[in-house]
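A.B. asks: Structure below; questions to follow.
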Amino acid sequence: MGRAAVPDAECRGSALLHAVQLALNDNHPRVAKRICEDHLRAAPDDPDAHRYLAQVLMVLGEHEQARTIAIRATEFAPDDPRAWSDLGRVHVLSRNLRDAIVCFEKAVEVDPHYADGWHNLGLALRQTGQTERAFDALKQALIIDPTRAESYLSLGNLLVDAEQLEEAIGCFERAVRHDPALAKAHTRLAQELSQRGEVDRAESLFLRALSLDAGHVESWFGLGRTLEDLGLAEAALSCYRTLLQRQPGHALALGHYLALAKGEEGHEWLAQLEPALDRTEGSAEAKALMGYGLTKWYDRRSRFRDAASAGTKANAARRQATGPFNRAGMTGRIDAILAAYTVEFFAERRHLGIGTDQPVFIVGLPRSGTTLTEQILSAHPLLHGAGELPDLARLAKQSLEGEDVAPWEAAQYLDEEMTSRRLAHEYLSAMRRSAPPDCRRISDKQPLNFFHLAFAALLFPNARVIHCRRDARDNALSIWMENFNPDQTYATDFGDLAHFTAEYRRLMAHWRAVLPLQILEVQYEDTVADLEGQARRLIDFLGAPWDERCLNFHQQDRAVQTPSRWQVRQPIYSKSVGRWRRYREFLPELESAFAAMEDD
């Protein structure tokens, strides 16, 4: 049989869509607009032409006109789910999410098998915090079309929000499989794998994404971060330069570039950045990101006055973006932990968990020497450093599903042997992911796990803890100058840092008194002064034979995913000891905040 004839109207609609897409692909939205308008003069009742014109008007920023045209499309074709879905997209781009959701719901009411409508509904619901409904909508889109890469991406992002990381990675892998040419699918998978410590695989995926779309900014930044983790400074700088050529205002890339730049490279940005930090308008978070980079740039060149000024502005901007630290909340949390977890508490739960002594928890304040300690240990052939794992806190939170309590309270709710063993094995699976099979010990150097040591003790009653300590003022200055996650609100003010430090020390003193785990205290300054002596203490504590390779920790070819990545690739040095004194003149509040605190 010969090919069936296509109706003239369908041919015209297909031709119009093709012409509009060509113009948009060539970055000529005004040409696309003119094409739609010319078509509508000949066919003023064509709903497809109205739909296309509305989307083009959104590209041009003509939001009100776009909404009017998109509404007209639904009037001409009220039974076409595409018209309702396109109107919903106009509302989304106009930040009118309530009306957008109504339109997407109408689209799937008109046609329950319209996968685009379910997908768009899921995205809008996620933006309004309606997580469960968003899950349901995206799953429905995938039931209708199991090959939708975009829906797998969106579902994966929801799972990341819910801290279901393994399931999220599975979704991103499906997105890559179903659309191998979708650059952002490779990038999103790479980002999560990098967070999980699979840096080599992440690098490969970022490179693949850039081979598909050389202009994909997130891929350039992700590749730069990954190359930093691998110790490839020049290659990372090259990525940031390329990104900044394409998008000069990318604050995060600029911050990383300035922190890494050598010699006088980066000097050309100073005249632009310094006044930008003083302006009242603009994004506070962008100022913070640029300010932290500028702080490091000045610090590396011993321009301490300028570094102090940039750091002060960066931290002020971060506080503006995130709000102040809740000192009373921190004190209340520590009071509650001390009251809940006693010697008797742990004695009553000796039957929980599993007997392996493989896990090693390296804890302490950030920037207290945790990375250096793990680097020394991981140089030993029988020991492995897993990096900063999110899994202990994640499992504590997940174990409380249905309970309206904080993750540090998880140990109080853990009273079933089978549950404790299941959680322990799930944690071990994450810890062993990249470890050789014959490791005697594996370390998790998530510093803030000191909040969750009660939970760790119930899962692994034979685990060991290494507590890293450092001079309080040096530690505070190092934190204050670093671009930590915005939720670390204590990091932006020296008074807050002093309060946080005092409360953390109170908690660690309590753990030393009641925790049924072996704890070794390691002082950063002692390690700097006597590397071999402290390294031998560490290795002996973990029950491994001494190995000289621990003294050459800086020669390891391993990824390091913390701000200390460059320091631990050098031989031991003492220039960070007493570093706060270089800033005494320019940051007097640092000394005064810690004046009453004695090193324990």
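How things are named: the first chain in the structure tokens is A, the next is B, and so on; residues count from 1 in each chain; ligands count from 1 in the order shown.
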Near A:Arg30, counting only C-alpha atoms, which residues have an atom at most 12 Å away, once you skip same-chain residues fewer than 6 positions from it, shown as number ranges by chain?

C.D. replies: A: 20, 23-24, 36-37, 53, 55-62

A.B. asks: Would you put the residues from that selection into a file with N, CA and C atoms, as an mmCIF file, in the first residue's frame?

C.D. replies:
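Heads up, here's the output in result.cif:
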data_model
loop_
_atom_site.group_PDB
_atom_site.id
_atom_site.type_symbol
_atom_site.label_atom_id
_atom_site.label_comp_id
_atom_site.auth_asym_id
_atom_site.auth_seq_id
_atom_site.Cartn_x
_atom_site.Cartn_y
_atom_site.Cartn_z
ATOM 1 N N VAL A 20 9.688 27.460 13.432
ATOM 2 C CA VAL A 20 9.883 28.147 14.712
ATOM 3 C C VAL A 20 11.092 27.572 15.453
ATOM 4 N N ALA A 23 14.415 28.748 13.977
ATOM 5 C CA ALA A 23 14.738 30.127 14.350
ATOM 6 C C ALA A 23 15.233 30.207 15.794
ATOM 7 N N LEU A 24 14.589 29.472 16.705
ATOM 8 C CA LEU A 24 15.010 29.480 18.103
ATOM 9 C C LEU A 24 16.372 28.825 18.278
ATOM 10 N N CYS A 36 5.351 33.126 13.518
ATOM 11 C CA CYS A 36 4.057 32.806 14.129
ATOM 12 C C CYS A 36 3.007 33.858 13.772
ATOM 13 N N GLU A 37 3.391 35.113 13.840
ATOM 14 C CA GLU A 37 2.439 36.186 13.551
ATOM 15 C C GLU A 37 1.989 36.156 12.094
ATOM 16 N N LEU A 53 3.560 30.767 19.608
ATOM 17 C CA LEU A 53 3.817 32.181 19.805
ATOM 18 C C LEU A 53 3.967 32.497 21.293
ATOM 19 N N GLN A 55 5.119 30.583 23.668
ATOM 20 C CA GLN A 55 6.431 30.141 24.144
ATOM 21 C C GLN A 55 7.540 31.068 23.654
ATOM 22 N N VAL A 56 7.430 31.544 22.421
ATOM 23 C CA VAL A 56 8.423 32.474 21.878
ATOM 24 C C VAL A 56 8.394 33.789 22.655
ATOM 25 N N LEU A 57 7.197 34.269 22.972
ATOM 26 C CA LEU A 57 7.082 35.506 23.740
ATOM 27 C C LEU A 57 7.720 35.363 25.125
ATOM 28 N N MET A 58 7.645 34.197 25.721
ATOM 29 C CA MET A 58 8.307 33.977 27.006
ATOM 30 C C MET A 58 9.815 34.075 26.862
ATOM 31 N N VAL A 59 10.342 33.533 25.757
ATOM 32 C CA VAL A 59 11.788 33.647 25.502
ATOM 33 C C VAL A 59 12.186 35.113 25.404
ATOM 34 N N LEU A 60 11.321 35.913 24.821
ATOM 35 C CA LEU A 60 11.591 37.349 24.646
ATOM 36 C C LEU A 60 11.312 38.156 25.910
ATOM 37 N N GLY A 61 10.777 37.514 26.931
ATOM 38 C CA GLY A 61 10.492 38.216 28.174
ATOM 39 C C GLY A 61 9.184 38.968 28.183
ATOM 40 N N GLU A 62 8.338 38.753 27.196
ATOM 41 C CA GLU A 62 7.044 39.441 27.114
ATOM 42 C C GLU A 62 5.982 38.569 27.796
#

A.B. asks: Applying 9 Å and only C-alpha atoms, which residues near A:Val108 remain after dropping the ones on its own chain fewer than 3 positions away? List them as a list of chain:residue names.

C.D. replies: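 So, after excluding close chain neighbours, the residues are A:Pro81, A:Trp84, A:Ser85, A:Cys103, A:Phe104, A:Glu105, A:Asp111, A:Pro112, A:His113, A:Tyr114, A:Ala115, A:Asp116, A:Gly117, A:Trp118, A:Leu121.
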
A.B. asks: For A:Glu192, find every residue with an atom within 10 Å (counting only C-alpha atoms), except residues of its own chain fewer than 5 positions away, and show them as a PDB file with C-alpha atoms, in the first residue's frame.

C.D. replies:
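The result, stored in selection_6.pdb:
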ATOM      1  CA  VAL A 160      18.239  13.480  46.375  1.00  0.00           C
ATOM      2  CA  LEU A 165      20.853   8.664  47.190  1.00  0.00           C
ATOM      3  CA  GLU A 166      21.161   5.153  45.787  1.00  0.00           C
ATOM      4  CA  ALA A 168      18.541   8.820  42.860  1.00  0.00           C
ATOM      5  CA  ILE A 169      21.702   7.577  41.194  1.00  0.00           C
ATOM      6  CA  PHE A 172      20.195   9.390  36.728  1.00  0.00           C
ATOM      7  CA  THR A 187      26.344  15.903  34.418  1.00  0.00           C
ATOM      8  CA  GLY A 197      33.474   9.663  46.203  1.00  0.00           C
ATOM      9  CA  GLU A 198      33.516   8.007  42.763  1.00  0.00           C
ATOM     10  CA  VAL A 199      35.667  10.774  41.350  1.00  0.00           C
ATOM     11  CA  ALA A 202      32.526  11.438  37.621  1.00  0.00           C
TER      12      ALA A 202
END

A.B. asks: Mind giving me the straight-line distance from atom CA of A:Lys262 to atom CA of A:Arg208 in Å, one decimal?

C.D. replies: 28.6 Å

A.B. asks: Once DSSP has gone over the backbone, tell me which residues of stretch 410-513 of chain A are in strand (DSSP E), as a PyMOL selection string.

C.D. replies: chain A and resi 441-444+464-469

A.B. asks: Can you tell me, as number ranges by chain, what residues are no more than 10 Å from A:Tyr427 when counting only C-alpha atoms, ignoring any on the same chain fewer than 2 positions away?

C.D. replies: A: 359, 389-392, 394-395, 421-425, 429-432, 456, 459

A.B. asks: Please identify the alpha helix (DSSP H) residues within stretch 222-368 of chain A (assignment by DSSP from backbone atoms) and present them as a VMD selection string.

C.D. replies: chain A and resid 222 to 229 233 to 246 251 to 260 270 to 278 284 to 300 304 to 322 327 to 340 343 to 347

A.B. asks: Which residues are close to A:Val176, i.e. within 8 Å by only C-alpha atoms, leaving aside same-chain residues fewer than 5 positions away? Reply as a VMD selection string.

C.D. replies: chain A and resid 149 181 to 182 185 to 186

A.B. asks: Can you pull out the residues contacting A:Ala340? Cut-off 12 Å, using only C-alpha atoms, and skip same-chain residues under 3 positions away; I want them as a list in words.

C.D. replies: Arg333, Ile334, Asp335, Ala336, Ile337, Val343, Glu344, Phe345, Phe346, Trp408, Glu409, Ala410, Ala411, Gln412, Tyr413, Ala454, His510, Trp511 and Val514 of chain A

A.B. asks: Atom CA of A:Arg51 and atom CA of A:Ala137 are how many Å apart?

C.D. replies: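 A separation of 23.3 Å between them.
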
A.B. asks: Using only C-alpha atoms, which of A:Glu64, A:Glu264, A:Asp526, A:Glu591 sits nearest A:Asn96?

C.D. replies: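 Closest to A:Asn96, using only C-alpha atoms: A:Glu64.
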